>>> print(open('coords-v7.tsv').read())   # TSV, C-alpha atoms and all ligand atoms
chain	number	residue	atom	x	y	z
M	20	MET	CA	-12.44	7.63	-24.63
M	21	ALA	CA	-16.14	8.51	-24.07
M	22	ASP	CA	-17.02	11.28	-21.64
M	23	SER	CA	-18.33	10.21	-18.29
M	24	THR	CA	-20.44	12.07	-15.79
M	25	PHE	CA	-19.31	12.67	-12.24
M	26	ALA	CA	-20.80	13.21	-8.82
M	27	PHE	CA	-19.25	15.28	-6.08
M	28	LEU	CA	-20.29	14.68	-2.48
M	29	VAL	CA	-20.68	17.53	0.00
M	30	HIS	CA	-22.36	17.83	3.39
M	31	PRO	CA	-23.70	20.62	5.62
M	32	ARG	CA	-20.82	22.36	7.37
M	33	ALA	CA	-20.56	23.45	11.04
M	34	GLU	CA	-23.88	25.32	10.89
M	35	ILE	CA	-26.31	22.85	9.41
M	36	ALA	CA	-29.27	25.26	9.03
M	37	SER	CA	-27.56	27.77	6.75
M	38	ASP	CA	-26.24	25.01	4.47
M	39	LEU	CA	-29.54	23.09	4.31
M	40	ALA	CA	-31.28	26.36	3.40
M	41	ARG	CA	-29.43	26.08	0.06
M	42	LEU	CA	-31.64	23.03	-0.65
M	43	TRP	CA	-34.87	24.44	0.84
M	44	ARG	CA	-34.93	27.97	2.30
M	45	PRO	CA	-37.29	27.33	5.30
M	46	LEU	CA	-34.75	24.86	6.73
M	47	GLY	CA	-32.57	27.91	7.48
M	48	LEU	CA	-35.04	28.86	10.24
M	49	ALA	CA	-35.02	25.48	12.00
M	50	PRO	CA	-33.16	25.18	15.34
M	51	GLU	CA	-29.72	23.61	14.96
M	52	ALA	CA	-30.34	20.91	17.58
M	53	ALA	CA	-33.59	19.83	15.87
M	54	LEU	CA	-31.81	19.53	12.51
M	55	GLN	CA	-28.98	17.51	14.06
M	56	TRP	CA	-31.53	15.17	15.65
M	57	GLY	CA	-33.49	14.88	12.40
M	58	LEU	CA	-30.44	14.03	10.31
M	59	ARG	CA	-29.36	11.39	12.84
M	60	HIS	CA	-32.71	9.70	13.45
M	61	LEU	CA	-34.86	10.18	10.34
M	62	PRO	CA	-34.24	8.38	7.03
M	63	VAL	CA	-33.19	11.55	5.21
M	64	PRO	CA	-32.04	10.60	1.68
M	65	PRO	CA	-29.10	12.21	-0.15
M	66	GLN	CA	-30.16	15.12	-2.38
M	67	THR	CA	-28.88	16.66	-5.60
M	68	LEU	CA	-27.77	20.22	-4.78
M	69	ALA	CA	-26.42	21.39	-8.14
M	70	THR	CA	-25.92	20.32	-11.73
M	71	VAL	CA	-22.79	21.04	-13.72
M	72	ARG	CA	-22.57	21.73	-17.46
M	73	ARG	CA	-19.62	22.54	-19.73
M	74	ARG	CA	-19.98	25.73	-21.72
M	75	ASP	CA	-18.16	24.06	-24.65
M	76	ARG	CA	-20.91	21.42	-24.89
M	77	PRO	CA	-24.65	21.54	-25.81
M	78	ASP	CA	-26.67	23.20	-23.03
M	79	GLY	CA	-28.81	20.17	-22.17
M	80	GLU	CA	-25.84	17.91	-21.50
M	81	ILE	CA	-25.20	17.39	-17.79
M	82	ALA	CA	-21.54	16.76	-17.03
M	83	GLY	CA	-22.01	16.04	-13.35
M	84	ARG	CA	-23.91	16.67	-10.14
M	85	VAL	CA	-23.19	17.85	-6.62
M	86	ILE	CA	-24.88	15.57	-4.07
M	87	VAL	CA	-25.49	16.41	-0.41
M	88	VAL	CA	-24.78	13.68	2.15
M	89	PRO	CA	-27.28	14.51	4.95
M	90	VAL	CA	-24.74	14.47	7.80
M	91	GLY	CA	-23.47	17.65	9.53
M	92	ALA	CA	-19.75	18.37	9.86
M	93	ARG	CA	-19.62	17.63	13.60
M	94	GLN	CA	-21.70	14.49	13.08
M	95	MET	CA	-19.24	13.39	10.38
M	96	LEU	CA	-16.44	13.43	12.94
M	97	HIS	CA	-18.23	12.42	16.14
M	98	GLU	CA	-21.17	10.11	15.32
M	99	ASP	CA	-20.79	6.36	14.90
M	100	ARG	CA	-18.43	5.85	11.93
M	101	ARG	CA	-20.46	2.96	10.49
M	102	TRP	CA	-23.59	5.14	10.36
M	103	VAL	CA	-21.64	8.01	8.77
M	104	ARG	CA	-20.10	5.73	6.15
M	105	GLY	CA	-23.52	4.16	5.46
M	106	ARG	CA	-24.88	7.62	4.62
M	107	ILE	CA	-21.92	8.27	2.30
M	108	GLU	CA	-22.51	4.89	0.58
M	109	GLN	CA	-26.18	5.89	0.03
M	110	ALA	CA	-25.01	9.06	-1.70
M	111	ILE	CA	-22.71	6.99	-3.93
M	112	ASP	CA	-25.68	4.69	-4.69
M	113	LEU	CA	-27.56	7.78	-5.92
M	114	ALA	CA	-24.53	8.87	-7.97
M	115	GLU	CA	-24.36	5.40	-9.54
M	116	GLN	CA	-28.09	5.50	-10.40
M	117	GLN	CA	-27.54	8.90	-12.04
M	118	GLY	CA	-24.81	7.39	-14.21
M	119	ALA	CA	-21.69	8.80	-12.57
M	120	SER	CA	-18.43	7.01	-13.22
M	121	VAL	CA	-16.23	9.35	-11.14
M	122	VAL	CA	-17.21	10.24	-7.57
M	123	GLY	CA	-15.38	12.98	-5.64
M	124	LEU	CA	-15.35	12.90	-1.85
M	125	GLY	CA	-15.77	16.53	-0.82
M	126	ALA	CA	-15.08	18.21	2.56
M	127	LEU	CA	-15.00	15.70	5.44
M	128	THR	CA	-16.34	12.74	3.44
M	129	ALA	CA	-12.70	11.94	2.58
M	130	PRO	CA	-11.13	12.11	6.08
M	131	VAL	CA	-13.93	9.98	7.63
M	132	THR	CA	-13.56	7.23	5.02
M	133	ASP	CA	-9.77	7.01	5.26
M	134	GLY	CA	-9.53	8.95	2.03
M	135	GLY	CA	-12.13	6.66	0.40
M	136	ARG	CA	-10.29	3.43	1.30
M	137	ALA	CA	-13.00	2.43	3.81
M	138	LEU	CA	-15.72	2.59	1.15
M	139	ARG	CA	-17.03	-0.40	-0.81
M	140	PRO	CA	-15.17	-0.74	-4.11
M	141	ARG	CA	-17.59	-0.52	-7.02
M	142	PRO	CA	-16.70	-1.65	-10.53
M	143	GLY	CA	-17.19	1.23	-12.96
M	144	ILE	CA	-16.80	3.96	-10.33
M	145	ALA	CA	-13.50	5.79	-9.82
M	146	LEU	CA	-13.27	7.48	-6.43
M	147	THR	CA	-11.17	10.52	-5.69
M	148	THR	CA	-10.57	12.67	-2.64
M	149	GLY	CA	-9.78	15.61	-4.90
M	150	ASN	CA	-6.87	16.31	-2.59
M	151	ALA	CA	-4.07	16.14	-5.17
M	152	PHE	CA	-5.33	19.07	-7.26
M	153	THR	CA	-6.09	20.89	-3.99
M	154	ALA	CA	-2.46	20.44	-2.97
M	155	HIS	CA	-1.27	21.68	-6.38
M	156	LEU	CA	-3.48	24.78	-6.20
M	157	THR	CA	-2.39	25.40	-2.60
M	158	VAL	CA	1.25	25.44	-3.65
M	159	GLU	CA	0.34	27.90	-6.42
M	160	GLY	CA	-1.31	30.08	-3.76
M	161	LEU	CA	1.77	29.87	-1.54
M	162	GLN	CA	4.06	30.81	-4.45
M	163	ARG	CA	1.91	33.83	-5.04
M	164	LEU	CA	1.53	34.90	-1.41
M	165	LEU	CA	5.05	34.36	-0.09
M	166	PRO	CA	6.40	37.63	-1.55
M	167	ALA	CA	3.58	39.48	0.25
M	168	ALA	CA	4.38	37.90	3.63
M	169	PRO	CA	6.68	39.71	6.08
M	170	GLY	CA	9.32	36.97	5.86
M	171	ASN	CA	10.13	33.50	4.51
M	172	HIS	CA	8.77	31.21	7.20
M	173	ILE	CA	5.77	29.02	6.28
M	174	ALA	CA	3.71	27.08	8.85
M	175	ILE	CA	1.66	24.18	7.47
M	176	VAL	CA	-1.10	23.36	9.97
M	177	GLY	CA	-2.43	19.86	9.30
M	178	ALA	CA	0.85	18.98	7.57
M	179	THR	CA	0.52	15.22	7.98
M	180	GLY	CA	-2.94	15.00	6.39
M	181	SER	CA	-3.76	13.95	2.86
M	182	VAL	CA	-3.62	17.47	1.39
M	183	GLY	CA	-1.01	18.70	3.88
M	184	SER	CA	1.55	15.95	3.25
M	185	CYS	CA	1.15	16.35	-0.53
M	186	VAL	CA	1.76	20.11	-0.17
M	187	VAL	CA	4.87	19.42	1.94
M	188	ARG	CA	6.20	16.95	-0.66
M	189	LEU	CA	5.46	19.28	-3.58
M	190	LEU	CA	7.36	22.04	-1.73
M	191	ALA	CA	10.26	19.63	-1.19
M	192	ASP	CA	10.36	18.87	-4.93
M	193	GLU	CA	10.16	22.53	-5.95
M	194	PRO	CA	11.34	24.56	-2.94
M	195	LEU	CA	10.27	28.14	-2.42
M	196	GLY	CA	13.38	28.94	-0.38
M	197	ALA	CA	11.30	29.13	2.82
M	198	ASP	CA	11.73	27.62	6.27
M	199	LEU	CA	8.89	25.23	7.10
M	200	THR	CA	7.16	24.43	10.39
M	201	LEU	CA	4.97	21.35	10.12
M	202	VAL	CA	2.12	21.37	12.66
M	203	ALA	CA	-0.30	18.59	13.70
M	204	ARG	CA	-1.12	16.65	16.89
M	205	ASN	CA	0.65	13.33	16.29
M	206	PRO	CA	4.41	13.87	16.82
M	207	ARG	CA	5.53	10.57	15.28
M	208	ARG	CA	3.75	11.18	11.98
M	209	LEU	CA	5.13	14.73	11.94
M	210	GLU	CA	8.69	13.55	12.46
M	211	ASP	CA	8.35	10.81	9.79
M	212	LEU	CA	7.18	13.39	7.25
M	213	ALA	CA	9.87	15.91	8.22
M	214	GLU	CA	12.55	13.21	7.80
M	215	GLN	CA	11.36	12.55	4.24
M	216	VAL	CA	11.68	16.19	3.17
M	217	ARG	CA	14.64	17.48	5.21
M	218	ALA	CA	16.94	17.64	2.20
M	219	THR	CA	15.12	20.79	1.01
M	220	ASP	CA	16.78	24.20	0.89
M	221	GLY	CA	15.28	25.62	4.11
M	222	ALA	CA	14.95	24.42	7.70
M	223	VAL	CA	12.12	21.97	8.45
M	224	ARG	CA	10.78	21.95	12.03
M	225	THR	CA	7.84	20.16	13.57
M	226	SER	CA	5.45	21.22	16.31
M	227	THR	CA	2.36	19.87	18.07
M	228	ASP	CA	1.67	23.28	19.58
M	229	LEU	CA	-0.45	25.80	17.67
M	230	ALA	CA	1.44	28.57	19.49
M	231	SER	CA	4.40	27.86	17.16
M	232	VAL	CA	2.32	29.25	14.27
M	233	ARG	CA	2.99	32.71	15.70
M	234	ASP	CA	6.56	32.54	14.36
M	235	ALA	CA	5.37	32.08	10.78
M	236	ASP	CA	4.98	34.75	8.11
M	237	LEU	CA	2.74	32.65	5.89
M	238	VAL	CA	0.34	30.09	7.39
M	239	VAL	CA	-1.50	27.44	5.39
M	240	VAL	CA	-4.37	25.78	7.21
M	241	LEU	CA	-5.21	22.19	6.25
M	242	THR	CA	-6.63	20.37	9.27
M	243	SER	CA	-9.79	18.28	9.44
M	244	ALA	CA	-10.92	19.99	12.66
M	245	THR	CA	-14.43	21.47	12.62
M	246	ASP	CA	-13.57	24.43	14.85
M	247	ALA	CA	-11.92	27.81	14.38
M	248	LEU	CA	-8.47	26.69	15.55
M	249	ILE	CA	-6.58	29.73	14.29
M	250	ARG	CA	-7.28	32.77	16.41
M	251	SER	CA	-5.67	36.17	16.82
M	252	GLU	CA	-3.07	34.98	19.35
M	253	HIS	CA	-1.69	32.49	16.79
M	254	LEU	CA	-0.78	35.09	14.19
M	255	LYS	CA	2.21	37.41	14.06
M	256	ARG	CA	1.84	41.01	12.92
M	257	GLY	CA	1.29	41.20	9.15
M	258	ALA	CA	0.96	37.43	8.72
M	259	VAL	CA	-0.64	36.05	5.56
M	260	VAL	CA	-2.97	33.04	5.94
M	261	LEU	CA	-4.18	30.65	3.25
M	262	ASP	CA	-7.13	28.67	4.69
M	263	ASP	CA	-8.22	25.68	2.59
M	264	THR	CA	-10.38	24.09	5.27
M	265	GLN	CA	-14.06	23.13	5.01
M	266	PRO	CA	-15.45	23.79	7.60
M	267	ARG	CA	-13.01	26.62	8.00
M	268	ASN	CA	-10.43	26.73	10.79
M	269	THR	CA	-9.91	30.51	10.82
M	270	ASP	CA	-12.10	32.45	13.23
M	271	PRO	CA	-14.36	34.91	11.32
M	272	ALA	CA	-13.67	37.42	14.15
M	273	LEU	CA	-10.15	37.76	12.70
M	274	ALA	CA	-11.58	39.86	9.85
M	275	HIS	CA	-12.31	42.63	12.40
M	276	GLU	CA	-9.75	41.90	15.12
M	277	ARG	CA	-6.68	41.73	12.90
M	278	PRO	CA	-6.76	44.25	10.03
M	279	ASP	CA	-2.96	43.74	9.75
M	280	VAL	CA	-3.45	40.10	8.75
M	281	LEU	CA	-4.48	38.94	5.25
M	282	ILE	CA	-6.63	35.82	5.18
M	283	ILE	CA	-7.27	34.20	1.81
M	284	ASP	CA	-9.78	31.39	1.23
M	285	GLY	CA	-7.65	28.68	-0.35
M	286	GLY	CA	-8.39	25.75	-2.63
M	287	VAL	CA	-10.66	27.67	-5.00
M	288	ALA	CA	-10.24	27.64	-8.79
M	289	ALA	CA	-11.70	29.92	-11.46
M	290	VAL	CA	-13.95	27.94	-13.83
M	291	PRO	CA	-15.52	30.42	-16.27
M	292	GLY	CA	-16.18	27.57	-18.72
M	293	ILE	CA	-18.31	25.67	-16.20
M	294	ASP	CA	-22.01	26.40	-15.70
M	295	LEU	CA	-22.86	25.37	-12.15
M	296	ARG	CA	-26.60	25.58	-11.45
M	297	GLY	CA	-27.23	25.48	-7.70
M	298	ASP	CA	-25.70	27.17	-4.67
M	299	ILE	CA	-22.45	25.60	-3.47
M	300	GLY	CA	-21.58	28.62	-1.34
M	301	LEU	CA	-19.13	30.23	-3.78
M	302	PRO	CA	-19.52	33.19	-6.15
M	303	ARG	CA	-20.21	32.35	-9.82
M	304	SER	CA	-17.51	30.76	-11.97
M	305	ARG	CA	-15.56	29.41	-9.01
M	306	ALA	CA	-15.27	25.87	-7.71
M	307	TYR	CA	-13.45	24.11	-4.91
M	308	ALA	CA	-10.26	22.43	-6.02
M	309	CYS	CA	-11.50	18.98	-4.99
M	310	LEU	CA	-14.60	19.45	-7.19
M	311	CYS	CA	-12.26	20.53	-9.99
M	312	GLU	CA	-10.22	17.34	-9.64
M	313	THR	CA	-13.41	15.28	-9.89
M	314	MET	CA	-14.40	17.19	-13.05
M	315	LEU	CA	-10.95	16.84	-14.57
M	316	MET	CA	-10.87	13.07	-14.00
M	317	ALA	CA	-14.30	12.71	-15.61
M	318	PHE	CA	-13.55	15.04	-18.56
M	319	ASP	CA	-10.26	13.23	-19.11
M	320	GLY	CA	-11.94	9.80	-19.01
M	321	GLN	CA	-9.73	8.70	-16.11
M	322	ARG	CA	-10.83	5.43	-14.56
M	323	GLY	CA	-8.19	4.92	-11.86
M	324	THR	CA	-9.07	5.74	-8.25
M	325	ALA	CA	-7.24	8.38	-6.22
M	326	THR	CA	-7.98	7.27	-2.66
M	327	GLY	CA	-5.79	7.46	0.45
M	328	PRO	CA	-3.18	10.19	0.90
M	329	ALA	CA	-2.82	12.42	-2.15
M	330	SER	CA	0.30	11.65	-4.19
M	331	THR	CA	2.57	14.17	-5.86
M	332	GLU	CA	2.32	12.11	-9.09
M	333	HIS	CA	-1.45	12.53	-9.14
M	334	ALA	CA	-1.08	16.24	-8.27
M	335	ARG	CA	1.14	16.69	-11.34
M	336	ALA	CA	-1.23	14.61	-13.50
M	337	MET	CA	-4.10	16.86	-12.39
M	338	ARG	CA	-2.02	20.00	-13.06
M	339	ASP	CA	-1.44	18.69	-16.61
M	340	ALA	CA	-5.14	17.82	-17.04
M	341	ALA	CA	-6.03	21.34	-15.86
M	342	ARG	CA	-3.80	22.72	-18.65
M	343	ARG	CA	-5.50	20.46	-21.23
M	344	PHE	CA	-8.89	21.78	-20.11
M	345	GLY	CA	-7.59	25.32	-19.63
M	346	HIS	CA	-10.24	26.68	-22.02
M	347	LEU	CA	-12.73	25.96	-19.20
M	348	GLY	CA	-10.58	27.51	-16.44
M	349	PHE	CA	-9.03	25.49	-13.57
M	350	ASP	CA	-6.46	28.05	-12.49
M	351	LEU	CA	-6.17	29.87	-9.19
M	352	ALA	CA	-9.23	32.09	-8.68
M	353	ASP	CA	-9.02	35.77	-7.83
M	354	PRO	CA	-8.85	35.84	-4.06
M	355	LEU	CA	-11.73	35.72	-1.59
M	356	SER	CA	-11.44	36.43	2.12
M	357	PHE	CA	-14.22	34.93	4.25
M	358	GLY	CA	-16.18	34.55	1.00
M	359	ARG	CA	-15.79	38.19	-0.08
M	360	PRO	CA	-13.73	39.31	-3.07
M	361	THR	CA	-10.44	40.90	-2.08
M	362	ALA	CA	-7.31	41.93	-3.98
M	363	TRP	CA	-4.01	40.10	-4.19
M	364	PRO	CA	-1.45	42.12	-2.24
M	365	ALA	CA	0.79	44.19	-4.53
M	366	ALA	CA	3.82	41.93	-3.96
M	367	ALA	CA	1.78	38.87	-4.96
M	368	GLU	CA	0.69	40.61	-8.18
M	369	LEU	CA	4.28	41.44	-8.97
M	370	ALA	CA	5.43	37.87	-8.29
M	371	THR	CA	2.91	36.61	-10.84
M	372	LYS	CA	4.01	39.12	-13.47
M	373	VAL	CA	7.67	38.20	-13.20
M	374	GLY	CA	6.70	34.51	-13.23
M	375	ARG	CA	8.08	33.64	-9.83
B	1	LIG	N1	-10.83	23.69	-0.77
B	1	LIG	C1	-10.83	22.45	-1.26
B	1	LIG	O1	-11.12	22.20	-2.42
B	1	LIG	C2	-10.47	21.31	-0.36
B	1	LIG	C3	-10.13	20.07	-0.93
B	1	LIG	C4	-9.75	19.01	-0.11
B	1	LIG	C5	-9.77	19.18	1.27
B	1	LIG	N2	-10.14	20.37	1.79
B	1	LIG	C6	-10.16	20.57	3.24
B	1	LIG	O2	-8.82	20.41	3.71
B	1	LIG	C7	-8.84	19.92	5.04
B	1	LIG	C8	-7.90	18.72	5.19
B	1	LIG	O3	-8.41	17.60	4.47
B	1	LIG	P1	-7.58	16.23	4.46
B	1	LIG	O4	-8.36	15.27	3.64
B	1	LIG	O5	-6.17	16.49	4.11
B	1	LIG	O6	-7.68	15.81	6.03
B	1	LIG	P2	-6.84	14.69	6.80
B	1	LIG	O7	-6.14	13.78	5.86
B	1	LIG	O8	-7.76	14.10	7.81
B	1	LIG	O9	-5.69	15.53	7.56
B	1	LIG	C9	-5.98	16.38	8.62
B	1	LIG	C10	-4.68	16.92	9.19
B	1	LIG	O10	-5.01	17.83	10.23
B	1	LIG	C11	-4.37	17.43	11.46
B	1	LIG	N3	-5.30	17.83	12.51
B	1	LIG	C12	-6.57	17.41	12.71
B	1	LIG	N4	-7.12	18.04	13.76
B	1	LIG	C13	-6.16	18.90	14.24
B	1	LIG	C14	-6.11	19.83	15.30
B	1	LIG	N5	-7.15	19.99	16.14
B	1	LIG	N6	-4.97	20.56	15.49
B	1	LIG	C15	-3.90	20.41	14.66
B	1	LIG	N7	-3.89	19.52	13.63
B	1	LIG	C16	-5.00	18.79	13.43
B	1	LIG	C17	-4.16	15.93	11.29
B	1	LIG	O11	-3.09	15.41	12.05
B	1	LIG	P3	-3.29	14.96	13.58
B	1	LIG	O12	-4.47	14.04	13.60
B	1	LIG	O13	-1.98	14.35	13.95
B	1	LIG	O14	-3.54	16.22	14.33
B	1	LIG	C18	-3.76	15.89	9.81
B	1	LIG	O15	-2.43	16.35	9.68
B	1	LIG	C19	-10.31	19.64	5.37
B	1	LIG	O16	-10.86	20.76	6.04
B	1	LIG	C20	-10.94	19.52	4.00
B	1	LIG	O17	-12.33	19.83	4.00
B	1	LIG	C21	-10.48	21.44	1.01
>>> encode(input="coords-v7.tsv", output="structure tokens")
Amino acid sequence: MADSTFAFLVHPRAEIASDLARLWRPLGLAPEAALQWGLRHLPVPPQTLATVRRRDRPDGEIAGRVIVVPVGARQMLHEDRRWVRGRIEQAIDLAEQQGASVVGLGALTAPVTDGGRALRPRPGIALTTGNAFTAHLTVEGLQRLLPAAPGNHIAIVGATGSVGSCVVRLLADEPLGADLTLVARNPRRLEDLAEQVRATDGAVRTSTDLASVRDADLVVVLTSATDALIRSEHLKRGAVVLDDTQPRNTDPALAHERPDVLIIDGGVAAVPGIDLRGDIGLPRSRAYACLCETMLMAFDGQRGTATGPASTEHARAMRDAARRFGHLGFDLADPLSFGRPTAWPAAAELATKVGR
């Protein structure tokens, strides 16, 4: 099947100025409120932020593009949904004009469009949330980090979401021998999910109270909240945290306040075979897992959509695609903590060597 190009949609995160400065540096100096107003009231078009090339292909060949939807993270969640979705549709229009046949819905563009299901279907364009490969990579991160945690109790914050529920189901299929606490705000959805996975080898509890996270040894953060939900009082001594969220839910103050706690930025893959020209806020040769899923679907010539909650079947299909394109990367990246390189804890290194 012929190769197809892809587009991956992103948007400015909680602080609009610093993210827009990646497009044009002077915007970094503009007051936040003025930028919010401008994005809401002026006809700001979507912009191409980065181009993506494969190192196993001729240099001039563009494999895909990263496109910025000009809507801030808080606006994504709190402005009129029809306006937000209109802006996302405009970005997909641009992707279509640029020849994309796979479009990935990055960061909050998936949650605000019901995982893409609220968007206009377009013949010739496969949509994906990128959440299935994110869930797969998250489980790989948990496998690696559990031996470094002080005990075997995992809290999954945002467990009922698209990524979260896929992580929970993947853990049910291939248990790590850990007790699970599933955390979110809606108790009925939590209980429904817990019922589906209770036959696993550890206890499965649910909680709508973030205070319950304090019992956990390993915490994975997967909510769609825009704020720093996880603060010092939520974490036990020596806890390990895997934070996949964009915008992130772990308070940057934790880096100073809690030297006993290890916080790893989750959902990031190593892609040494990918040449990404433009600043997506990650060090070189790394990409977010949802961007990786978009690439993999395009490289693999996949035409089916992956909208709505991520499925374990799609997560496994993406894991297999990642192996097929392993010469380009697509495995768990060396760890970052608040964007800075850090080391895997010794126990995590050991777990990898013995193939846990
Ligand atoms: N690194 C990557 O490559 C990557 C890829 C995909 C997604 N992500 C990130 O992963 C996160 C989740 O995405 P998603 O698509 O799975 O979102 P989603 O489907 O909207 O799920 C969000 C989950 O968070 C819970 N939640 C929301 N606000 C909460 C709060 N204040 N307190 C506790 N729970 C809360 C929701 O349940 P309730 O509403 O019941 O609380 C739900 O369980 C986002 O930050 C996204 O940007 C990262």
>>> closest_atom_pairs(input="coords-v7.tsv", of="chain M", to="ligand LIG 1 (chain B)", cutoff="7 Å", atoms="all atoms listed in the file", output="Markdown table")
| residue | atom | partner | partner_atom | distance |
| --- | --- | --- | --- | --- |
| M:Gly125 | CA | B:LIG1 | C4 | 6.5 |
| M:Ala126 | CA | B:LIG1 | O17 | 3.5 |
| M:Leu127 | CA | B:LIG1 | O17 | 5.1 |
| M:Ala129 | CA | B:LIG1 | O4 | 5.6 |
| M:Pro130 | CA | B:LIG1 | O8 | 4.3 |
| M:Gly134 | CA | B:LIG1 | O4 | 6.6 |
| M:Thr148 | CA | B:LIG1 | C4 | 6.9 |
| M:Gly149 | CA | B:LIG1 | C4 | 5.9 |
| M:Asn150 | CA | B:LIG1 | C4 | 4.7 |
| M:Thr153 | CA | B:LIG1 | C3 | 5.1 |
| M:Val176 | CA | B:LIG1 | N7 | 6.0 |
| M:Gly177 | CA | B:LIG1 | O10 | 3.4 |
| M:Ala178 | CA | B:LIG1 | O15 | 4.7 |
| M:Thr179 | CA | B:LIG1 | O15 | 3.6 |
| M:Gly180 | CA | B:LIG1 | O9 | 3.0 |
| M:Ser181 | CA | B:LIG1 | O5 | 3.7 |
| M:Val182 | CA | B:LIG1 | O5 | 3.9 |
| M:Gly183 | CA | B:LIG1 | O5 | 5.6 |
| M:Val202 | CA | B:LIG1 | N7 | 6.4 |
| M:Ala203 | CA | B:LIG1 | N7 | 3.7 |
| M:Arg204 | CA | B:LIG1 | O14 | 3.5 |
| M:Asn205 | CA | B:LIG1 | O13 | 3.7 |
| M:Arg208 | CA | B:LIG1 | O13 | 6.8 |
| M:Leu241 | CA | B:LIG1 | C7 | 4.4 |
| M:Thr242 | CA | B:LIG1 | O10 | 3.2 |
| M:Ser243 | CA | B:LIG1 | C19 | 4.3 |
| M:Ala244 | CA | B:LIG1 | N4 | 4.4 |
| M:Leu248 | CA | B:LIG1 | N5 | 6.9 |
| M:Asp263 | CA | B:LIG1 | N1 | 4.7 |
| M:Thr264 | CA | B:LIG1 | O16 | 3.5 |
| M:Gln265 | CA | B:LIG1 | O17 | 3.9 |
| M:Pro266 | CA | B:LIG1 | O16 | 5.7 |
| M:Arg267 | CA | B:LIG1 | O16 | 6.5 |
| M:Gly285 | CA | B:LIG1 | N1 | 5.9 |
| M:Gly286 | CA | B:LIG1 | N1 | 3.7 |
| M:Val287 | CA | B:LIG1 | N1 | 5.8 |
| M:Tyr307 | CA | B:LIG1 | O1 | 3.9 |
| M:Ala308 | CA | B:LIG1 | O1 | 3.7 |
| M:Cys309 | CA | B:LIG1 | O1 | 4.1 |
| M:Leu310 | CA | B:LIG1 | O1 | 6.5 |
| M:Pro328 | CA | B:LIG1 | O7 | 6.8 |
>>> residues_around(input="coords-v7.tsv", residues="Leu46 of chain M", least_positions_apart="4", cutoff="8 Å", atoms="only C-alpha atoms", output="list in words")
Ala36, Ser37, Leu39 and Ala40 of chain M
>>> atom_distance(input="coords-v7.tsv", atom1="atom CA of Phe27 of chain M", atom2="atom CA of Val238 of chain M")
28.0 Å
>>> residues_around(input="coords-v7.tsv", residues="Phe25 of chain M", least_positions_apart="2", cutoff="12 Å", atoms="all atoms listed in the file", output="compact mmCIF listing (two decimals) with C-alpha atoms, in the frame of the given file")
# COMPACT_ATOMS: atom_id res chain seq x y z
CA ASP M 22 -17.02 11.28 -21.64
CA SER M 23 -18.33 10.21 -18.29
CA PHE M 27 -19.25 15.28 -6.08
CA LEU M 28 -20.29 14.68 -2.48
CA ALA M 69 -26.42 21.39 -8.14
CA THR M 70 -25.92 20.32 -11.73
CA VAL M 71 -22.79 21.04 -13.72
CA ARG M 72 -22.57 21.73 -17.46
CA ILE M 81 -25.20 17.39 -17.79
CA ALA M 82 -21.54 16.76 -17.03
CA GLY M 83 -22.01 16.04 -13.35
CA ARG M 84 -23.91 16.67 -10.14
CA VAL M 85 -23.19 17.85 -6.62
CA ILE M 86 -24.88 15.57 -4.07
CA ILE M 111 -22.71 6.99 -3.93
CA LEU M 113 -27.56 7.78 -5.92
CA ALA M 114 -24.53 8.87 -7.97
CA GLU M 115 -24.36 5.40 -9.54
CA GLN M 116 -28.09 5.50 -10.40
CA GLN M 117 -27.54 8.90 -12.04
CA GLY M 118 -24.81 7.39 -14.21
CA ALA M 119 -21.69 8.80 -12.57
CA SER M 120 -18.43 7.01 -13.22
CA VAL M 121 -16.23 9.35 -11.14
CA VAL M 122 -17.21 10.24 -7.57
CA GLY M 123 -15.38 12.98 -5.64
CA LEU M 124 -15.35 12.90 -1.85
CA GLY M 143 -17.19 1.23 -12.96
CA ILE M 144 -16.80 3.96 -10.33
CA ALA M 145 -13.50 5.79 -9.82
CA LEU M 146 -13.27 7.48 -6.43
CA THR M 147 -11.17 10.52 -5.69
CA LEU M 310 -14.60 19.45 -7.19
CA CYS M 311 -12.26 20.53 -9.99
CA GLU M 312 -10.22 17.34 -9.64
CA THR M 313 -13.41 15.28 -9.89
CA MET M 314 -14.40 17.19 -13.05
CA LEU M 315 -10.95 16.84 -14.57
CA MET M 316 -10.87 13.07 -14.00
CA ALA M 317 -14.30 12.71 -15.61
CA PHE M 318 -13.55 15.04 -18.56
CA ASP M 319 -10.26 13.23 -19.11
CA GLY M 320 -11.94 9.80 -19.01
CA GLN M 321 -9.73 8.70 -16.11
CA ARG M 322 -10.83 5.43 -14.56
>>> atom_distance(input="coords-v7.tsv", atom1="atom CA of Arg250 of chain M", atom2="atom CA of Asp279 of chain M")
13.5 Å
>>> closest_residue(input="coords-v7.tsv", among="M:Gly160, M:Leu138, M:Asp75, M:Glu51", to="Gly345 of chain M", atoms="all atoms listed in the file")
M:Asp75
>>> residues_around(input="coords-v7.tsv", residues="Ala341 of chain M", least_positions_apart="5", cutoff="8 Å", atoms="all atoms listed in the file", output="ChimeraX atom specification")
/M:315,348-350
>>> closest_residue(input="coords-v7.tsv", among="M:Ala92, M:Ala366, M:Leu195, M:Ala52", to="Asp38 of chain M", atoms="only C-alpha atoms")
M:Ala92
>>> closest_residue(input="coords-v7.tsv", among="M:Leu48, M:Asp133, M:Arg101, M:Leu347", to="Asp294 of chain M", atoms="all atoms listed in the file")
M:Leu347
>>> residues_near_point(input="coords-v7.tsv", point="(-14.9, 24.1, 14.4)", cutoff="7 Å", atoms="all atoms listed in the file", output="VMD selection string")
chain M and resid 33 244 to 247 266 268
